[in-house]
>>> print(open('final.txt').read())   # compact mmCIF, C-alpha atoms
# COMPACT_ATOMS: atom_id res chain seq x y z
CA MET K 1 -13.83 29.86 8.32
CA ARG K 2 -12.07 27.44 10.67
CA SER K 3 -11.33 23.89 9.47
CA ILE K 4 -9.40 20.96 10.93
CA TYR K 5 -7.47 18.50 8.78
CA ILE K 6 -5.72 15.26 9.75
CA LEU K 7 -3.02 13.78 7.55
CA THR K 8 -0.72 10.79 7.87
CA LEU K 9 2.89 12.00 7.68
CA LEU K 10 5.86 9.84 6.78
CA LEU K 11 8.93 11.66 8.08
CA LEU K 12 11.94 11.53 5.81
CA SER K 13 15.43 12.04 7.13
CA MET K 14 17.13 12.23 3.75
CA SER K 15 17.61 15.34 1.65
CA GLY K 16 17.18 15.33 -2.11
CA CYS K 17 19.88 15.31 -4.73
CA SER K 18 19.93 16.00 -8.44
CA GLU K 19 20.54 13.73 -11.41
CA ALA K 20 23.99 15.29 -11.70
CA ASP K 21 24.68 14.21 -8.12
CA LEU K 22 23.91 10.60 -9.05
CA LYS K 23 26.69 10.59 -11.63
CA LEU K 24 29.15 11.64 -8.96
CA TYR K 25 28.27 8.48 -7.03
CA SER K 26 29.24 6.08 -9.81
CA ASP K 27 32.70 5.43 -8.41
CA GLU K 28 31.49 3.99 -5.09
CA SER K 29 28.89 1.47 -3.99
CA ARG K 30 25.52 3.06 -3.31
CA VAL K 31 22.03 1.63 -3.03
CA TYR K 32 18.63 3.16 -3.76
CA LEU K 33 15.05 2.12 -4.53
CA GLY K 34 14.55 1.17 -8.16
CA GLY K 35 11.42 1.16 -10.28
CA TYR K 36 8.47 3.51 -9.76
CA THR K 37 6.51 1.90 -6.91
CA ARG K 38 6.95 3.37 -3.45
CA ALA K 39 3.98 1.82 -1.65
CA SER K 40 2.13 -1.50 -1.55
CA SER K 41 -0.30 -3.38 0.65
CA THR K 42 -1.07 -6.91 1.68
CA THR K 43 -4.00 -8.56 3.42
CA PHE K 44 -4.58 -12.07 4.69
CA TYR K 45 -8.32 -11.60 4.06
CA TYR K 46 -8.34 -14.01 1.11
CA ASP K 47 -6.14 -16.66 2.74
CA THR K 48 -7.07 -19.80 4.66
CA ASP K 49 -6.35 -19.95 8.38
CA ASP K 50 -3.18 -21.97 7.91
CA VAL K 51 -1.47 -19.12 6.03
CA THR K 52 0.52 -17.19 8.63
CA ARG K 53 3.02 -15.27 6.49
CA ASP K 54 3.11 -13.17 3.36
CA THR K 55 6.09 -11.63 1.57
CA LEU K 56 6.26 -8.39 -0.37
CA TYR K 57 9.35 -7.21 -2.19
CA VAL K 58 11.22 -3.93 -2.53
CA TYR K 59 13.22 -3.55 -5.73
CA VAL K 60 16.63 -1.96 -5.11
CA GLU K 61 19.42 -0.99 -7.46
CA THR K 62 23.05 -0.12 -6.89
CA MET K 63 25.70 2.19 -8.27
CA GLY K 64 29.42 1.49 -8.44
CA GLY K 65 29.36 -1.84 -10.26
CA PRO K 66 28.88 -5.47 -9.11
CA ARG K 67 31.03 -7.41 -6.65
CA ASP K 68 31.91 -11.11 -6.61
CA TYR K 69 30.23 -11.68 -3.24
CA ASP K 70 26.81 -11.13 -1.67
CA ARG K 71 26.33 -7.63 -0.25
CA ALA K 72 23.96 -6.87 2.61
CA VAL K 73 21.19 -4.28 2.25
CA THR K 74 19.98 -2.62 5.44
CA PHE K 75 16.48 -1.35 6.17
CA LYS K 76 15.19 0.40 9.25
CA GLN K 77 11.61 1.13 10.24
CA VAL K 78 10.50 4.76 10.07
CA THR K 79 7.78 5.80 12.51
CA VAL K 80 4.53 6.98 10.91
CA TYR K 81 3.08 10.15 12.44
CA ASP K 82 -0.28 11.88 12.18
CA ILE K 83 -0.37 15.64 11.88
CA GLU K 84 -3.54 17.50 12.80
CA TYR K 85 -3.65 21.09 11.73
CA THR K 86 -6.16 23.91 11.92
CA VAL K 87 -6.79 26.29 9.04
CA GLU K 88 -8.39 29.72 9.35
CA ASN K 89 -9.21 31.71 6.24
CA GLY K 90 -6.95 29.50 4.16
CA MET K 91 -3.97 29.90 6.52
CA LYS K 92 -2.50 27.13 8.67
CA VAL K 93 -2.62 28.46 12.23
CA ASP K 94 -1.88 25.46 14.43
CA SER K 95 -0.69 21.84 14.22
CA VAL K 96 -0.21 18.86 16.50
CA VAL K 97 1.98 15.87 15.60
CA THR K 98 1.30 12.50 17.24
CA GLU K 99 2.59 9.01 16.61
CA ASN K 100 0.15 6.91 14.61
CA PRO K 101 -1.19 4.14 16.92
CA TYR K 102 -0.96 1.55 14.16
CA ASN K 103 2.75 1.45 13.42
CA ALA K 104 3.67 -2.18 12.66
CA ILE K 105 5.62 -3.96 15.40
CA ALA K 106 8.72 -6.02 14.61
CA GLY K 107 8.29 -9.67 15.56
CA LYS K 108 4.53 -9.26 15.70
CA HIS K 109 3.51 -7.85 12.32
CA PHE K 110 6.72 -8.45 10.37
CA VAL K 111 10.02 -10.28 10.68
CA ALA K 112 12.50 -7.90 12.29
CA PHE K 113 15.17 -6.59 9.94
CA ASP K 114 17.93 -7.33 12.45
CA SER K 115 16.89 -10.99 12.79
CA GLU K 116 19.11 -13.70 11.30
CA GLU K 117 16.27 -14.78 9.00
CA ALA K 118 15.90 -11.32 7.49
CA LYS K 119 19.64 -10.71 7.22
CA ARG K 120 20.10 -13.87 5.16
CA LEU K 121 17.53 -12.63 2.63
CA MET K 122 18.34 -8.93 2.44
CA VAL K 123 21.26 -9.07 0.02
CA ILE K 124 22.40 -8.04 -3.44
CA PRO K 125 23.66 -11.37 -4.85
CA ALA K 126 27.21 -11.73 -6.08
CA ASN K 127 27.81 -10.24 -9.56
CA LYS K 128 24.43 -8.45 -9.50
CA VAL K 129 23.58 -4.76 -9.29
CA SER K 130 19.92 -5.09 -8.29
CA ALA K 131 17.65 -7.34 -6.24
CA LEU K 132 14.16 -7.83 -4.87
CA ILE K 133 14.50 -7.48 -1.11
CA PRO K 134 11.81 -9.44 0.79
CA VAL K 135 9.79 -8.00 3.66
CA ILE K 136 7.98 -10.79 5.53
CA PHE K 137 4.63 -10.00 7.17
CA LEU K 138 3.18 -12.04 10.02
CA ARG K 139 -0.51 -12.82 10.54
CA ASP K 140 -1.14 -11.42 13.97
CA PRO K 141 -4.77 -11.37 15.31
CA SER K 142 -4.61 -7.57 15.64
CA LEU K 143 -4.64 -7.28 11.84
CA LYS K 144 -8.30 -8.35 11.81
CA GLU K 145 -9.24 -5.17 13.64
CA ASN K 146 -6.98 -2.52 12.11
CA GLU K 147 -4.61 -1.83 9.25
CA TYR K 148 -0.98 -1.46 10.33
CA TYR K 149 1.68 0.63 8.63
CA LEU K 150 5.30 -0.20 8.00
CA THR K 151 7.53 2.40 6.36
CA VAL K 152 11.07 1.24 5.68
CA GLN K 153 14.13 3.30 4.89
CA LEU K 154 17.39 2.27 3.28
CA CYS K 155 20.37 2.75 5.57
CA GLU K 156 24.10 3.07 5.01
CA ASN K 157 26.13 0.03 6.02
CA ASP K 158 29.62 -1.42 5.46
CA GLU K 159 28.77 -2.27 1.83
CA PHE K 160 26.72 0.70 0.66
CA LYS K 161 26.27 4.38 1.04
CA ILE K 162 22.85 5.77 0.17
CA GLY K 163 22.22 7.06 -3.33
CA GLY K 164 19.33 8.58 -5.22
CA VAL K 165 16.87 11.39 -4.64
CA LYS K 166 14.85 11.61 -1.45
CA GLU K 167 11.93 9.66 -2.96
CA ASP K 168 14.29 6.72 -3.52
CA VAL K 169 15.03 5.82 0.09
CA GLU K 170 11.63 5.05 1.67
CA TYR K 171 8.91 2.52 0.93
CA ALA K 172 5.50 2.37 2.65
CA PHE K 173 3.56 -0.83 3.35
CA THR K 174 0.07 -1.42 4.69
CA CYS K 175 -0.82 -4.82 6.15
CA ALA K 176 -4.11 -6.21 7.43
CA ASP K 177 -6.23 -9.32 7.82
CA LYS K 178 -9.40 -7.67 6.59
CA LEU K 179 -10.60 -6.12 3.39
CA ILE K 180 -8.62 -2.97 2.57
CA LYS K 181 -8.74 -0.50 -0.28
CA PRO K 182 -6.31 -1.59 -3.01
CA ASN K 183 -3.67 0.90 -4.13
CA PHE K 184 -5.14 0.96 -7.65
CA TRP K 185 -8.32 2.59 -6.31
CA GLY K 186 -6.37 5.67 -5.32
CA THR K 187 -7.51 8.71 -3.38
CA ASN K 188 -8.44 11.15 -6.13
CA PRO K 189 -10.74 11.29 -9.19
CA TYR K 190 -7.80 10.72 -11.53
CA ALA K 191 -6.83 7.36 -10.01
CA GLY K 192 -7.59 4.29 -12.12
CA GLY K 193 -9.95 2.52 -9.76
CA PHE K 194 -11.72 5.71 -8.76
CA TRP K 195 -12.30 6.59 -12.38
CA ALA K 196 -13.52 3.08 -13.23
CA PHE K 197 -15.71 2.20 -10.24
CA GLY K 198 -16.40 5.41 -8.31
CA ASP K 199 -16.04 6.00 -4.58
CA TYR K 200 -14.55 3.17 -2.55
CA SER K 201 -16.43 1.42 0.22
CA THR K 202 -15.92 -1.91 1.93
CA ARG K 203 -19.41 -3.10 0.96
CA LYS K 204 -18.84 -2.22 -2.70
CA HIS K 205 -15.51 -4.08 -2.58
CA GLU K 206 -17.20 -7.12 -1.02
CA PHE K 207 -19.90 -7.05 -3.68
CA MET K 208 -17.33 -6.97 -6.49
CA ILE K 209 -15.69 -10.06 -4.99
CA GLU K 210 -19.07 -11.80 -4.69
CA VAL K 211 -19.92 -11.05 -8.32
CA THR K 212 -16.59 -12.01 -9.89
CA GLU K 213 -15.55 -14.68 -7.37
CA GLU K 214 -12.08 -13.20 -7.77
CA ARG K 215 -9.62 -11.35 -5.58
CA ILE K 216 -10.22 -7.68 -6.29
CA ASP K 217 -6.75 -6.39 -5.53
CA ASP K 218 -3.81 -4.71 -7.23
CA GLU K 219 -2.82 -7.89 -9.05
CA TRP K 220 -6.36 -8.21 -10.46
CA TRP K 221 -6.29 -4.61 -11.67
CA ASN K 222 -2.81 -4.88 -13.19
CA THR K 223 -3.35 -8.20 -14.96
CA LYS K 224 -7.04 -8.21 -15.88
CA VAL K 225 -8.17 -4.60 -16.20
CA ASN K 226 -5.53 -1.92 -16.61
CA GLY K 227 -4.33 -1.79 -20.20
CA VAL K 228 -6.56 -4.69 -21.29
CA ASN K 229 -8.73 -3.60 -24.22
CA GLY K 230 -12.39 -3.34 -23.20
CA ALA K 231 -11.83 -4.75 -19.69
CA THR K 232 -12.91 -1.66 -17.79
CA THR K 233 -16.21 -1.43 -19.66
CA PHE K 234 -16.75 -5.18 -19.29
CA TYR K 235 -16.42 -5.05 -15.51
CA GLN K 236 -18.44 -1.83 -15.21
CA VAL K 237 -21.35 -3.46 -17.04
CA MET K 238 -20.96 -6.65 -15.00
CA PHE K 239 -21.16 -4.77 -11.69
CA LYS K 240 -24.02 -2.48 -12.75
CA THR K 241 -26.06 -5.44 -13.99
CA ALA K 242 -25.43 -7.43 -10.82
CA LEU K 243 -26.31 -4.45 -8.63
CA ASP K 244 -29.56 -3.83 -10.52
CA LYS K 245 -30.48 -7.49 -10.09
CA TYR K 246 -29.66 -7.33 -6.35
CA ASN K 247 -31.67 -4.16 -5.81
CA SER K 248 -34.73 -5.48 -7.69
CA ASP K 249 -34.78 -8.84 -5.88
CA PRO K 250 -38.03 -8.97 -3.82
CA VAL K 251 -36.27 -10.90 -1.04
CA ASN K 252 -33.61 -8.21 -0.68
CA ILE K 253 -36.23 -5.47 -0.77
CA ALA K 254 -38.35 -7.17 1.87
CA SER K 255 -35.38 -7.68 4.17
CA GLY K 256 -34.24 -4.10 3.84
CA ALA K 257 -30.97 -5.11 2.19
CA ALA K 258 -31.99 -3.39 -1.06
CA PRO K 259 -31.19 -0.90 -2.28
CA MET K 260 -27.63 -1.75 -1.30
CA ARG K 261 -25.96 0.77 1.01
CA GLU K 262 -22.46 1.11 2.36
CA VAL K 263 -23.81 0.16 5.79
CA GLU K 264 -26.65 -2.34 5.45
CA GLY K 265 -29.79 -1.33 7.32
CA ASP K 266 -28.65 2.27 7.87
CA LEU K 267 -30.99 4.44 5.78
CA SER K 268 -28.64 7.41 6.18
CA SER K 269 -25.75 5.43 4.67
CA LYS K 270 -24.69 6.21 1.11
CA LEU K 271 -26.17 4.07 -1.67
CA ILE K 272 -23.76 1.79 -3.56
CA THR K 273 -23.41 2.83 -7.20
CA PHE K 274 -21.09 2.08 -10.09
CA LYS K 275 -20.01 4.43 -12.86
>>> encode(input="final.txt", output="structure tokens")
Amino acid sequence: MRSIYILTLLLLSMSGCSEADLKLYSDESRVYLGGYTRASSTTFYYDTDDVTRDTLYVYVETMGGPRDYDRAVTFKQVTVYDIEYTVENGMKVDSVVTENPYNAIAGKHFVAFDSEEAKRLMVIPANKVSALIPVIFLRDPSLKENEYYLTVQLCENDEFKIGGVKEDVEYAFTCADKLIKPNFWGTNPYAGGFWAFGDYSTRKHEFMIEVTEERIDDEWWNTKVNGVNGATTFYQVMFKTALDKYNSDPVNIASGAAPMREVEGDLSSKLITFK
């Protein structure tokens, strides 16, 4: 059987190192990504028209002890590639790598890392060994049409060498000005949002916002659902009840809007359901 798969590939230029290697770095200044998060997203979808910027942060830590002056941290953009490969009888037989057309553009989708504004902010403060490094996103009209990707990589500079394993040097962002799937929803049946609310669709996401009158995003999941006793069941019941009411409304039935589908009016489109 012949199948074709397309994946988004983030190319890493760093090799891994062991925990023992990290100890060897303790006598010199090195920087690496701290915490556990290696990806996040932002959208201007919820914001009023006068909001033109948004800032996300990358948590970084250092080795080698603090200094009594601010130390610059350097990021560079890493190009995101798509790899299309063909599989025959379970074996990969061919592949084609192309640059993803939606790589974020410095000065258009985010404040360039070599700009004076960014340089002033991208520092480990004096007498500190960690910091939240800001990445500033810009509200360009193109974000209404497509999601754009920004992958950043820590770079060696006059203050720091690079430390940590290979997973601790790159961070991936997604930015848009339209509704996008939150990270909590995940891409597999074991992800929190997938387990709680089923398959993702834009219409389902819109409906959840309509019902709750809240931003259904990662902050909502982390503060109101995940780890909150009974919250998942509460929201599942809320959405199921609201969907049943929508689908039984004679006006919605007459207009063809009910039962609710991922693409309204398309009878071949998948029905919206909640777990």
>>> atom_distance(input="final.txt", atom1="atom CA of K:Lys178", atom2="atom CA of K:Glu206")
10.9 Å
>>> closest_residue(input="final.txt", among="K:Ala176, K:Val169, K:Leu33, K:Val251", to="K:Lys76", atoms="all atoms listed in the file")
K:Val169
>>> closest_residue(input="final.txt", among="K:Val51, K:Val58, K:Ala72, K:Leu143", to="K:Tyr102", atoms="all atoms listed in the file")
K:Leu143
>>> closest_residue(input="final.txt", among="K:Phe110, K:Phe239, K:Phe197, K:Tyr32", to="K:Lys275", atoms="all atoms listed in the file")
K:Phe197
>>> atom_distance(input="final.txt", atom1="atom CA of K:Pro182", atom2="atom CA of K:Tyr85")
27.2 Å
>>> closest_residue(input="final.txt", among="K:Thr42, K:Trp220, K:Tyr235, K:Gly227", to="K:Ala196", atoms="all atoms listed in the file")
K:Tyr235
>>> residues_around(input="final.txt", residues="K:Val96", least_positions_apart="4", cutoff="9 Å", atoms="all atoms listed in the file", output="list of chain:residue names")
K:Asp82, K:Ile83, K:Glu84, K:Tyr85
>>> atom_distance(input="final.txt", atom1="atom CA of K:Val123", atom2="atom CA of K:Cys155")
13.1 Å
>>> residues_around(input="final.txt", residues="K:Val135", least_positions_apart="4", cutoff="7 Å", atoms="only C-alpha atoms", output="list in words")
Thr55, Leu56 and Tyr57 of chain K
>>> residues_around(input="final.txt", residues="K:Val78", least_positions_apart="5", cutoff="7 Å", atoms="only C-alpha atoms", output="list in words")
Thr151, Val152 and Gln153 of chain K
>>> write_last_selection(input="final.txt", atoms="C-alpha atoms", output="compact mmCIF listing (two decimals), keeping the file's coordinate frame")
# COMPACT_ATOMS: atom_id res chain seq x y z
CA THR K 151 7.53 2.40 6.36
CA VAL K 152 11.07 1.24 5.68
CA GLN K 153 14.13 3.30 4.89
>>> residues_around(input="final.txt", residues="stretch 35-38 of chain K", least_positions_apart="4", cutoff="10 Å", atoms="all atoms listed in the file", output="ChimeraX atom specification")
/K:58-61,151,167-173
